[in-house]
$ cat run_27.pdb   # PDB, C-alpha atoms
ATOM      1  CA  MET Q   5     169.142  62.868  53.023
ATOM      2  CA  ILE Q   6     172.847  62.127  53.290
ATOM      3  CA  PRO Q   7     173.946  61.288  49.741
ATOM      4  CA  ASP Q   8     176.606  58.861  48.673
ATOM      5  CA  PHE Q   9     177.029  60.657  45.352
ATOM      6  CA  LEU Q  10     177.097  64.247  44.139
ATOM      7  CA  VAL Q  11     176.338  64.127  40.437
ATOM      8  CA  THR Q  12     176.927  66.894  37.907
ATOM      9  CA  HIS Q  13     177.677  66.942  34.199
ATOM     10  CA  SER Q  14     180.935  65.991  32.550
ATOM     11  CA  GLY Q  15     182.725  68.024  29.883
ATOM     12  CA  GLY Q  16     183.494  71.706  30.172
ATOM     13  CA  PHE Q  17     182.655  73.229  33.521
ATOM     14  CA  HIS Q  18     181.199  76.555  34.536
ATOM     15  CA  ALA Q  19     181.119  78.649  37.671
ATOM     16  CA  ASP Q  20     177.658  77.518  38.770
ATOM     17  CA  GLU Q  21     178.308  73.790  39.185
ATOM     18  CA  LEU Q  22     181.797  74.469  40.528
ATOM     19  CA  LEU Q  23     180.423  76.734  43.242
ATOM     20  CA  SER Q  24     177.547  74.341  43.906
ATOM     21  CA  SER Q  25     180.148  71.649  44.439
ATOM     22  CA  VAL Q  26     181.899  73.839  47.008
ATOM     23  CA  ILE Q  27     178.732  73.896  49.117
ATOM     24  CA  LEU Q  28     177.842  70.249  48.712
ATOM     25  CA  THR Q  29     181.303  68.794  49.283
ATOM     26  CA  ARG Q  30     181.562  70.779  52.532
ATOM     27  CA  LEU Q  31     178.257  69.383  53.752
ATOM     28  CA  PHE Q  32     178.779  65.857  52.453
ATOM     29  CA  PRO Q  33     182.547  65.249  52.510
ATOM     30  CA  GLU Q  34     182.171  61.474  52.277
ATOM     31  CA  ALA Q  35     180.094  61.630  49.103
ATOM     32  CA  ARG Q  36     181.774  60.812  45.801
ATOM     33  CA  LEU Q  37     181.619  63.582  43.206
ATOM     34  CA  VAL Q  38     180.631  62.097  39.844
ATOM     35  CA  ARG Q  39     180.885  64.079  36.608
ATOM     36  CA  THR Q  40     178.849  62.322  33.933
ATOM     37  CA  ARG Q  41     175.980  62.506  31.484
ATOM     38  CA  ALA Q  42     175.253  58.762  31.613
ATOM     39  CA  PRO Q  43     171.464  58.285  31.935
ATOM     40  CA  GLU Q  44     171.761  55.799  34.771
ATOM     41  CA  TRP Q  45     173.463  58.420  36.928
ATOM     42  CA  LEU Q  46     170.837  61.066  36.173
ATOM     43  CA  LYS Q  47     167.949  59.039  37.567
ATOM     44  CA  PRO Q  48     166.830  60.333  40.965
ATOM     45  CA  GLY Q  49     167.593  58.213  43.978
ATOM     46  CA  THR Q  50     167.946  58.464  47.722
ATOM     47  CA  ASP Q  51     171.701  58.008  47.394
ATOM     48  CA  ARG Q  52     172.427  61.077  45.241
ATOM     49  CA  ILE Q  53     172.075  64.801  44.637
ATOM     50  CA  ILE Q  54     172.006  65.712  40.939
ATOM     51  CA  TYR Q  55     172.721  69.323  39.940
ATOM     52  CA  ASP Q  56     173.197  71.394  36.779
ATOM     53  CA  VAL Q  57     172.185  68.407  34.690
ATOM     54  CA  GLY Q  58     169.171  66.131  34.249
ATOM     55  CA  GLY Q  59     166.496  68.622  33.225
ATOM     56  CA  GLN Q  60     164.547  68.627  36.495
ATOM     57  CA  TYR Q  61     164.202  70.712  39.635
ATOM     58  CA  ASP Q  62     162.738  68.871  42.598
ATOM     59  CA  ALA Q  63     164.494  69.648  45.848
ATOM     60  CA  GLU Q  64     162.831  66.790  47.742
ATOM     61  CA  ALA Q  65     164.102  64.346  45.119
ATOM     62  CA  GLY Q  66     167.593  65.897  45.132
ATOM     63  CA  LEU Q  67     167.300  67.350  41.623
ATOM     64  CA  PHE Q  68     168.675  70.841  40.949
ATOM     65  CA  ASP Q  69     168.824  71.660  37.246
ATOM     66  CA  HIS Q  70     167.816  74.950  35.632
ATOM     67  CA  HIS Q  71     168.149  74.313  31.890
ATOM     68  CA  GLN Q  72     164.654  72.918  31.292
ATOM     69  CA  ARG Q  73     161.497  74.698  30.167
ATOM     70  CA  GLY Q  74     159.717  76.161  33.144
ATOM     71  CA  ALA Q  75     163.047  76.539  34.956
ATOM     72  CA  PRO Q  76     162.826  77.902  38.499
ATOM     73  CA  MET Q  77     162.844  81.653  39.017
ATOM     74  CA  ARG Q  78     163.353  83.845  42.052
ATOM     75  CA  GLU Q  79     160.394  85.699  43.486
ATOM     76  CA  ASP Q  80     161.481  88.824  41.600
ATOM     77  CA  GLY Q  81     161.579  86.937  38.298
ATOM     78  CA  GLN Q  82     165.343  86.594  38.036
ATOM     79  CA  PRO Q  83     166.614  83.149  37.035
ATOM     80  CA  TYR Q  84     168.408  80.626  39.170
ATOM     81  CA  SER Q  85     171.444  78.684  38.094
ATOM     82  CA  SER Q  86     172.326  75.454  39.880
ATOM     83  CA  PHE Q  87     174.386  77.520  42.315
ATOM     84  CA  GLY Q  88     171.409  79.646  43.304
ATOM     85  CA  LEU Q  89     169.273  76.539  43.814
ATOM     86  CA  ILE Q  90     171.891  74.785  45.908
ATOM     87  CA  TRP Q  91     172.446  77.949  47.955
ATOM     88  CA  LYS Q  92     168.699  78.336  48.474
ATOM     89  CA  HIS Q  93     168.324  74.827  49.869
ATOM     90  CA  TYR Q  94     171.731  74.119  51.420
ATOM     91  CA  GLY Q  95     173.279  77.536  52.051
ATOM     92  CA  ARG Q  96     172.039  77.858  55.618
ATOM     93  CA  ALA Q  97     173.377  74.433  56.544
ATOM     94  CA  TYR Q  98     176.670  75.360  54.889
ATOM     95  CA  LEU Q  99     176.922  78.535  56.963
ATOM     96  CA  ALA Q 100     176.235  76.609  60.153
ATOM     97  CA  ALA Q 101     178.917  74.068  59.220
ATOM     98  CA  PHE Q 102     181.267  76.953  58.465
ATOM     99  CA  GLY Q 103     180.780  78.247  61.997
ATOM    100  CA  VAL Q 104     178.546  81.263  61.401
ATOM    101  CA  PRO Q 105     176.568  81.929  64.623
ATOM    102  CA  GLU Q 106     172.937  80.902  64.397
ATOM    103  CA  ALA Q 107     171.811  84.467  65.038
ATOM    104  CA  HIS Q 108     173.703  85.632  61.938
ATOM    105  CA  VAL Q 109     172.871  82.811  59.518
ATOM    106  CA  GLU Q 110     169.850  84.458  57.871
ATOM    107  CA  ALA Q 111     171.585  87.799  57.399
ATOM    108  CA  VAL Q 112     174.756  86.242  55.980
ATOM    109  CA  HIS Q 113     172.714  83.923  53.756
ATOM    110  CA  ALA Q 114     170.782  86.845  52.278
ATOM    111  CA  ALA Q 115     173.830  89.093  51.849
ATOM    112  CA  PHE Q 116     175.890  86.374  50.174
ATOM    113  CA  ASP Q 117     172.979  85.493  47.911
ATOM    114  CA  ALA Q 118     172.494  89.077  46.781
ATOM    115  CA  ARG Q 119     176.103  90.040  46.139
ATOM    116  CA  PHE Q 120     177.812  86.739  45.254
ATOM    117  CA  VAL Q 121     175.290  84.071  44.199
ATOM    118  CA  LEU Q 122     172.879  86.164  42.129
ATOM    119  CA  PRO Q 123     175.540  87.556  39.745
ATOM    120  CA  ILE Q 124     176.717  83.989  39.041
ATOM    121  CA  ASP Q 125     173.102  82.964  38.351
ATOM    122  CA  LEU Q 126     172.496  85.876  36.006
ATOM    123  CA  VAL Q 127     175.689  85.412  33.997
ATOM    124  CA  ASP Q 128     175.168  81.666  33.678
ATOM    125  CA  ASN Q 129     171.656  82.193  32.322
ATOM    126  CA  GLY Q 130     172.661  84.963  29.937
ATOM    127  CA  ALA Q 131     170.561  87.472  31.874
ATOM    128  CA  LEU Q 132     173.626  89.588  32.618
ATOM    129  CA  ASP Q 133     176.311  90.239  30.023
ATOM    130  CA  PRO Q 134     179.791  90.296  31.572
ATOM    131  CA  SER Q 135     180.584  93.141  29.171
ATOM    132  CA  VAL Q 136     178.891  95.493  31.646
ATOM    133  CA  ALA Q 137     182.152  95.205  33.575
ATOM    134  CA  GLY Q 138     183.922  96.883  30.654
ATOM    135  CA  PRO Q 139     187.643  96.096  30.459
ATOM    136  CA  LEU Q 140     187.308  94.048  33.657
ATOM    137  CA  ALA Q 141     184.831  91.609  32.071
ATOM    138  CA  GLY Q 142     187.485  88.931  31.758
ATOM    139  CA  LEU Q 143     188.291  89.294  35.455
ATOM    140  CA  THR Q 144     184.806  88.537  36.783
ATOM    141  CA  LEU Q 145     184.636  85.396  38.913
ATOM    142  CA  SER Q 146     182.635  83.470  36.311
ATOM    143  CA  ALA Q 147     185.199  84.274  33.623
ATOM    144  CA  LEU Q 148     188.212  83.519  35.806
ATOM    145  CA  LEU Q 149     186.899  80.126  36.903
ATOM    146  CA  GLU Q 150     186.254  79.150  33.308
ATOM    147  CA  THR Q 151     189.849  79.930  32.376
ATOM    148  CA  LEU Q 152     190.788  76.936  34.537
ATOM    149  CA  LYS Q 153     189.219  74.550  32.019
ATOM    150  CA  PRO Q 154     191.679  72.566  29.897
ATOM    151  CA  VAL Q 155     192.405  74.030  26.473
ATOM    152  CA  PHE Q 156     190.928  72.496  23.330
ATOM    153  CA  ASP Q 157     193.788  70.090  22.572
ATOM    154  CA  GLU Q 158     194.118  68.775  26.119
ATOM    155  CA  GLY Q 159     190.790  66.947  26.042
ATOM    156  CA  GLY Q 160     189.561  63.757  27.618
ATOM    157  CA  GLN Q 161     187.499  63.169  30.725
ATOM    158  CA  GLU Q 162     190.485  62.392  32.921
ATOM    159  CA  VAL Q 163     192.044  65.771  32.114
ATOM    160  CA  GLU Q 164     188.700  67.559  32.489
ATOM    161  CA  ASP Q 165     188.013  65.934  35.848
ATOM    162  CA  ARG Q 166     191.471  66.800  37.117
ATOM    163  CA  SER Q 167     191.015  70.415  36.023
ATOM    164  CA  PHE Q 168     187.598  70.498  37.670
ATOM    165  CA  HIS Q 169     188.984  69.391  41.021
ATOM    166  CA  GLN Q 170     191.844  71.863  40.776
ATOM    167  CA  ALA Q 171     189.358  74.627  40.012
ATOM    168  CA  LEU Q 172     187.154  73.428  42.872
ATOM    169  CA  SER Q 173     189.835  74.250  45.433
ATOM    170  CA  ILE Q 174     190.134  77.775  44.007
ATOM    171  CA  ALA Q 175     186.365  78.246  43.929
ATOM    172  CA  ARG Q 176     186.228  77.076  47.530
ATOM    173  CA  ALA Q 177     188.662  79.793  48.568
ATOM    174  CA  PHE Q 178     186.441  82.482  47.019
ATOM    175  CA  VAL Q 179     183.277  81.167  48.681
ATOM    176  CA  GLU Q 180     184.921  80.854  52.082
ATOM    177  CA  ALA Q 181     186.437  84.332  51.821
ATOM    178  CA  GLY Q 182     183.105  85.812  50.759
ATOM    179  CA  VAL Q 183     181.260  84.179  53.644
ATOM    180  CA  SER Q 184     183.976  85.140  56.124
ATOM    181  CA  GLN Q 185     183.835  88.792  55.082
ATOM    182  CA  ARG Q 186     180.065  88.992  55.458
ATOM    183  CA  ALA Q 187     180.120  87.212  58.809
ATOM    184  CA  ALA Q 188     182.880  89.551  60.001
ATOM    185  CA  LYS Q 189     180.813  92.608  59.092
ATOM    186  CA  LEU Q 190     178.068  91.424  61.419
ATOM    187  CA  ARG Q 191     180.537  90.780  64.224
ATOM    188  CA  ALA Q 192     181.989  94.239  63.687
ATOM    189  CA  GLU Q 193     178.576  95.890  63.672
ATOM    190  CA  ALA Q 194     177.946  95.310  67.367
ATOM    191  CA  LEU Q 195     181.377  96.692  68.267
ATOM    192  CA  VAL Q 196     180.981  99.780  66.096
ATOM    193  CA  LEU Q 197     177.483 100.518  67.378
ATOM    194  CA  ALA Q 198     178.779 100.414  70.952
ATOM    195  CA  GLN Q 199     181.580 102.858  70.088
ATOM    196  CA  ILE Q 200     179.144 105.175  68.323
ATOM    197  CA  ALA Q 201     177.137 105.353  71.541
ATOM    198  CA  LEU Q 202     180.301 106.214  73.469
ATOM    199  CA  ALA Q 203     181.302 108.879  70.930
ATOM    200  CA  GLY Q 204     178.117 110.854  71.488
ATOM    201  CA  GLU Q 205     178.098 113.999  69.356
ATOM    202  CA  SER Q 206     181.797 113.816  68.515
ATOM    203  CA  ARG Q 207     182.616 114.049  64.817
ATOM    204  CA  VAL Q 208     185.342 111.397  65.334
ATOM    205  CA  LEU Q 209     184.678 107.721  66.008
ATOM    206  CA  GLU Q 210     187.438 105.827  67.801
ATOM    207  CA  LEU Q 211     187.529 102.057  67.311
ATOM    208  CA  PRO Q 212     189.628  99.491  69.205
ATOM    209  CA  ARG Q 213     190.995  98.063  65.928
ATOM    210  CA  GLY Q 214     190.507  98.232  62.206
ATOM    211  CA  MET Q 215     187.166  96.734  61.160
ATOM    212  CA  PRO Q 216     184.283  97.358  58.739
ATOM    213  CA  PHE Q 217     182.515 100.434  60.098
ATOM    214  CA  ARG Q 218     180.377 102.139  57.464
ATOM    215  CA  PRO Q 219     177.338  99.770  57.620
ATOM    216  CA  ALA Q 220     177.007 100.284  61.374
ATOM    217  CA  ILE Q 221     177.412 104.058  61.033
ATOM    218  CA  VAL Q 222     174.625 104.115  58.448
ATOM    219  CA  LYS Q 223     172.446 101.796  60.548
ATOM    220  CA  ALA Q 224     172.898 104.038  63.585
ATOM    221  CA  GLY Q 225     172.031 107.142  61.564
ATOM    222  CA  ALA Q 226     175.279 108.704  62.789
ATOM    223  CA  ASP Q 227     175.407 111.311  60.046
ATOM    224  CA  HIS Q 228     177.461 113.651  62.231
ATOM    225  CA  LEU Q 229     180.527 111.399  62.110
ATOM    226  CA  LEU Q 230     183.253 112.510  59.696
ATOM    227  CA  PHE Q 231     186.354 110.484  60.576
ATOM    228  CA  VAL Q 232     187.388 107.206  62.175
ATOM    229  CA  VAL Q 233     190.516 106.620  64.248
ATOM    230  CA  HIS Q 234     191.870 103.177  65.166
ATOM    231  CA  PRO Q 235     195.158 101.469  65.995
ATOM    232  CA  ARG Q 236     197.064  99.431  63.419
ATOM    233  CA  GLU Q 237     200.002  97.096  63.928
ATOM    234  CA  ASN Q 238     202.656  99.769  64.512
ATOM    235  CA  ASP Q 239     200.772 103.066  64.324
ATOM    236  CA  TRP Q 240     197.342 104.701  64.334
ATOM    237  CA  CYS Q 241     195.086 105.285  61.365
ATOM    238  CA  LEU Q 242     192.831 108.265  60.581
ATOM    239  CA  THR Q 243     190.375 107.646  57.774
ATOM    240  CA  GLY Q 244     187.408 109.307  56.142
ATOM    241  CA  ILE Q 245     183.911 107.842  55.823
ATOM    242  CA  ARG Q 246     182.511 107.214  52.360
ATOM    243  CA  LYS Q 247     179.166 108.821  51.525
ATOM    244  CA  ALA Q 248     177.859 105.756  49.702
ATOM    245  CA  ASP Q 249     178.558 102.045  49.314
ATOM    246  CA  GLU Q 250     179.797 102.674  45.795
ATOM    247  CA  GLY Q 251     182.304 105.333  44.836
ATOM    248  CA  PHE Q 252     184.976 107.129  46.811
ATOM    249  CA  GLU Q 253     183.391 110.463  47.765
ATOM    250  CA  LEU Q 254     183.848 111.115  51.463
ATOM    251  CA  ARG Q 255     181.756 112.960  54.007
ATOM    252  CA  ALA Q 256     184.871 115.081  54.509
ATOM    253  CA  ASP Q 257     188.361 114.941  53.033
ATOM    254  CA  LEU Q 258     191.510 115.332  55.060
ATOM    255  CA  PRO Q 259     193.100 118.795  54.704
ATOM    256  CA  ALA Q 260     194.501 119.588  51.264
ATOM    257  CA  ALA Q 261     197.718 120.901  52.832
ATOM    258  CA  TRP Q 262     198.509 117.409  54.111
ATOM    259  CA  ALA Q 263     198.116 115.581  50.801
ATOM    260  CA  GLY Q 264     201.053 113.335  49.914
ATOM    261  CA  LEU Q 265     203.234 114.439  52.841
ATOM    262  CA  THR Q 266     205.159 112.207  55.245
ATOM    263  CA  ASN Q 267     207.043 112.484  58.534
ATOM    264  CA  GLY Q 268     208.693 115.876  59.118
ATOM    265  CA  GLU Q 269     206.949 117.587  56.218
ATOM    266  CA  LEU Q 270     203.564 116.422  57.466
ATOM    267  CA  GLU Q 271     204.386 117.394  61.040
ATOM    268  CA  ALA Q 272     205.260 120.874  59.824
ATOM    269  CA  ALA Q 273     202.105 121.142  57.733
ATOM    270  CA  CYS Q 274     199.702 120.108  60.483
ATOM    271  CA  GLY Q 275     201.652 121.050  63.585
ATOM    272  CA  VAL Q 276     201.215 117.613  65.178
ATOM    273  CA  ALA Q 277     204.252 115.746  66.459
ATOM    274  CA  GLY Q 278     204.003 112.125  65.393
ATOM    275  CA  ALA Q 279     202.129 112.752  62.145
ATOM    276  CA  ARG Q 280     203.543 110.173  59.746
ATOM    277  CA  PHE Q 281     201.677 110.012  56.449
ATOM    278  CA  CYS Q 282     198.733 111.392  54.495
ATOM    279  CA  HIS Q 283     197.628 109.780  51.254
ATOM    280  CA  ASN Q 284     197.577 112.068  48.258
ATOM    281  CA  GLY Q 285     193.899 111.183  47.866
ATOM    282  CA  ARG Q 286     193.241 112.629  51.349
ATOM    283  CA  PHE Q 287     191.165 109.675  52.525
ATOM    284  CA  ILE Q 288     193.630 108.155  54.984
ATOM    285  CA  ALA Q 289     196.463 109.299  57.222
ATOM    286  CA  ALA Q 290     198.701 107.686  59.809
ATOM    287  CA  ALA Q 291     200.230 108.807  63.085
ATOM    288  CA  ALA Q 292     202.730 107.333  65.509
ATOM    289  CA  THR Q 293     200.416 107.521  68.543
ATOM    290  CA  ARG Q 294     196.773 107.678  69.512
ATOM    291  CA  GLU Q 295     197.219 111.229  70.747
ATOM    292  CA  ALA Q 296     198.689 112.329  67.435
ATOM    293  CA  ALA Q 297     195.929 110.627  65.448
ATOM    294  CA  LEU Q 298     193.223 112.280  67.552
ATOM    295  CA  ALA Q 299     194.939 115.660  67.244
ATOM    296  CA  MET Q 300     195.026 115.290  63.459
ATOM    297  CA  ALA Q 301     191.369 114.252  63.485
ATOM    298  CA  LYS Q 302     190.447 117.358  65.472
ATOM    299  CA  LEU Q 303     192.222 119.562  62.939
ATOM    300  CA  ALA Q 304     190.548 117.754  60.036
ATOM    301  CA  VAL Q 305     187.118 118.259  61.606
ATOM    302  CA  LYS Q 306     187.820 121.962  62.125
ATOM    303  CA  GLU Q 307     188.893 122.451  58.514
ATOM    304  CA  ALA Q 308     185.903 120.491  57.214
ATOM    305  CA  ALA Q 309     183.574 122.731  59.233
ATOM    306  CA  THR Q 310     185.339 125.869  58.009
ATOM    307  CA  ALA Q 311     185.122 124.726  54.400
ATOM    308  CA  GLY Q 312     181.465 123.866  54.828
ATOM    309  CA  SER Q 313     182.084 120.273  53.659
ATOM    310  CA  GLY Q 314     180.987 118.549  56.872
ATOM    311  CA  GLN Q 315     177.649 116.739  57.088
ATOM    312  CA  ALA Q 316     175.342 117.525  59.981
TER     313      ALA Q 316
END
$ encode --input "run_27.pdb" --output "structure tokens"
Amino acid sequence: MIPDFLVTHSGGFHADELLSSVILTRLFPEARLVRTRAPEWLKPGTDRIIYDVGGQYDAEAGLFDHHQRGAPMREDGQPYSSFGLIWKHYGRAYLAAFGVPEAHVEAVHAAFDARFVLPIDLVDNGALDPSVAGPLAGLTLSALLETLKPVFDEGGQEVEDRSFHQALSIARAFVEAGVSQRAAKLRAEALVLAQIALAGESRVLELPRGMPFRPAIVKAGADHLLFVVHPRENDWCLTGIRKADEGFELRADLPAAWAGLTNGELEAACGVAGARFCHNGRFIAAAATREAALAMAKLAVKEAATAGSGQA
């Protein structure tokens, strides 16, 4: 079905129908977006997709609401919002239209659903309290998008619709960035896996450029790797590898004697000409050349082994 109309509710808007609109307007750019609660617009028809309003979920009929009794649930019992329903049925087509390779569509669809779509669904349904984010609760995506609604004394549908469309462009940027990042991780994975094979038993992984590397290292079971070296725009980077997806603990820190030093002081501390910078947190350093970066990496590996902090 190619709809002429994309229908959602009028009045105050929320993240779920905004983000649903991002998907649908990309797939159906010629369709008119209608924000209304008028009964005649909420009747199913072959010319429309109706979402986050209407009290029905019937994908074949183009109906995607989640407010009714018996609302749709995921297989694990977690609730859908309109965004989750639209992503379930149209997300793969969106990814294809966005240019994600066919071989990566399923993986990107699942990753984006788990880390981006599901939290929106849970917050919208009251199944997740934003307060779990502590002082950052007001900076969650759901909260930020809702701040784009007009304030109480700037009412009227014209103002609300204008605010909705302004917010839609911002929501679109977040969706596109989120999809791009997940697609890039899959592109990077093949490159990193190839370099891991070349590295053999070395504790240092050299990459041709900066890219996401931890997922591929974990996938390859390359537990022996401690540091990654790669070129940047004007220098070379030496960085540690985090132990887990969350948190900042590394498999091995850079030497404590390097912490916070730059240029000549760092060169003196490590004995490597071309050493340029080491972060005080000891998770990243920079060097002027590849040779200097690899020399620093070798020293870092040696100290990690001596300190007993390396992982076999």
$ resolve_selection --input "run_27.pdb" --expression "the PyMOL selection byres ((chain Q and resi 91-94) around 8)" --output "list in words"
Ser24, Ile27, Leu28, Ala63, Phe87, Gly88, Leu89, Ile90, Gly95, Arg96, Ala97, Tyr98, Asp117 and Val121 of chain Q
$ resolve_selection --input "run_27.pdb" --expression "the PyMOL selection byres ((chain Q and resi 218-231) around 10)" --output "VMD selection string"
chain Q and resid 189 to 190 192 to 198 200 to 201 203 to 210 215 to 217 232 to 233 242 to 249 254 to 258 287 to 288 298 301 to 302 304 to 305 308 313 to 316
$ closest_residue --input "run_27.pdb" --among "Q:Val11, Q:Ala261, Q:Val183, Q:Met5" --to "Ala65 (chain Q)" --atoms "only C-alpha atoms"
Q:Met5
$ residues_around --input "run_27.pdb" --residues "Thr40 (chain Q)" --least-positions-apart "6" --cutoff "12 Å" --atoms "all atoms listed in the file" --output "tab-separated table (two decimals) with C-alpha atoms, in the frame of the given file"
chain	number	residue	atom	x	y	z
Q	9	PHE	CA	177.03	60.66	45.35
Q	10	LEU	CA	177.10	64.25	44.14
Q	11	VAL	CA	176.34	64.13	40.44
Q	12	THR	CA	176.93	66.89	37.91
Q	13	HIS	CA	177.68	66.94	34.20
Q	14	SER	CA	180.94	65.99	32.55
Q	15	GLY	CA	182.72	68.02	29.88
Q	16	GLY	CA	183.49	71.71	30.17
Q	17	PHE	CA	182.66	73.23	33.52
Q	46	LEU	CA	170.84	61.07	36.17
Q	47	LYS	CA	167.95	59.04	37.57
Q	54	ILE	CA	172.01	65.71	40.94
Q	55	TYR	CA	172.72	69.32	39.94
Q	56	ASP	CA	173.20	71.39	36.78
Q	57	VAL	CA	172.18	68.41	34.69
Q	58	GLY	CA	169.17	66.13	34.25
Q	161	GLN	CA	187.50	63.17	30.72
Q	162	GLU	CA	190.48	62.39	32.92
Q	164	GLU	CA	188.70	67.56	32.49
Q	165	ASP	CA	188.01	65.93	35.85
$ resolve_selection --input "run_27.pdb" --expression "the PyMOL selection byres ((chain Q and resi 8) around 6)" --output "list in words"
Pro7, Phe9, Ala35, Asp51 and Arg52 of chain Q
$ atom_distance --input "run_27.pdb" --atom1 "CA of Val104 (chain Q)" --atom2 "CA of Val179 (chain Q)"
13.6 Å
$ axis_aligned_box --input "run_27.pdb" --around "region 180-196 of chain Q" --padding-each-side "6 Å" --output "AutoDock Vina command-line options"
--center_x 182.2 --center_y 90.3 --center_z 59.5 --size_x 20.5 --size_y 30.9 --size_z 29.5
$ atom_distance --input "run_27.pdb" --atom1 "CA of His108 (chain Q)" --atom2 "CA of Phe120 (chain Q)"
17.2 Å
$ decode --input "run_27.pdb" --residues "region 237-252 of chain Q" --atoms "N, CA and C atoms" --output "tab-separated table (two decimals), in the first residue's frame"
chain	number	residue	atom	x	y	z
Q	237	GLU	N	43.97	12.37	11.71
Q	237	GLU	CA	44.17	13.35	10.65
Q	237	GLU	C	45.63	13.81	10.55
Q	238	ASN	N	46.23	14.17	11.69
Q	238	ASN	CA	47.59	14.71	11.67
Q	238	ASN	C	48.56	13.94	12.55
Q	239	ASP	N	48.11	12.85	13.15
Q	239	ASP	CA	49.00	12.09	14.03
Q	239	ASP	C	48.52	10.65	14.12
Q	240	TRP	N	49.04	9.92	15.10
Q	240	TRP	CA	48.64	8.53	15.32
Q	240	TRP	C	48.10	8.39	16.74
Q	241	CYS	N	47.14	7.52	16.89
Q	241	CYS	CA	46.45	7.35	18.17
Q	241	CYS	C	46.77	5.98	18.75
Q	242	LEU	N	46.99	5.93	20.05
Q	242	LEU	CA	47.15	4.70	20.82
Q	242	LEU	C	46.07	4.68	21.88
Q	243	THR	N	45.23	3.66	21.87
Q	243	THR	CA	44.11	3.65	22.80
Q	243	THR	C	43.94	2.29	23.45
Q	244	GLY	N	43.39	2.29	24.65
Q	244	GLY	CA	43.09	1.05	25.34
Q	244	GLY	C	41.79	0.43	24.84
Q	245	ILE	N	41.51	-0.77	25.32
Q	245	ILE	CA	40.30	-1.51	24.94
Q	245	ILE	C	39.46	-1.71	26.20
Q	246	ARG	N	38.23	-1.25	26.17
Q	246	ARG	CA	37.37	-1.39	27.33
Q	246	ARG	C	37.03	-2.87	27.60
Q	247	LYS	N	36.91	-3.21	28.88
Q	247	LYS	CA	36.57	-4.58	29.25
Q	247	LYS	C	35.12	-4.92	28.94
Q	248	ALA	N	34.24	-3.93	29.02
Q	248	ALA	CA	32.82	-4.19	28.84
Q	248	ALA	C	32.18	-3.07	28.04
Q	249	ASP	N	30.97	-3.33	27.53
Q	249	ASP	CA	30.27	-2.31	26.75
Q	249	ASP	C	30.00	-1.07	27.61
Q	250	GLU	N	29.67	-1.30	28.86
Q	250	GLU	CA	29.39	-0.20	29.77
Q	250	GLU	C	30.59	0.01	30.68
Q	251	GLY	N	30.80	1.24	31.10
Q	251	GLY	CA	31.90	1.54	31.99
Q	251	GLY	C	33.18	1.87	31.23
Q	252	PHE	N	34.21	2.22	31.98
Q	252	PHE	CA	35.44	2.71	31.38
Q	252	PHE	C	36.66	1.87	31.76
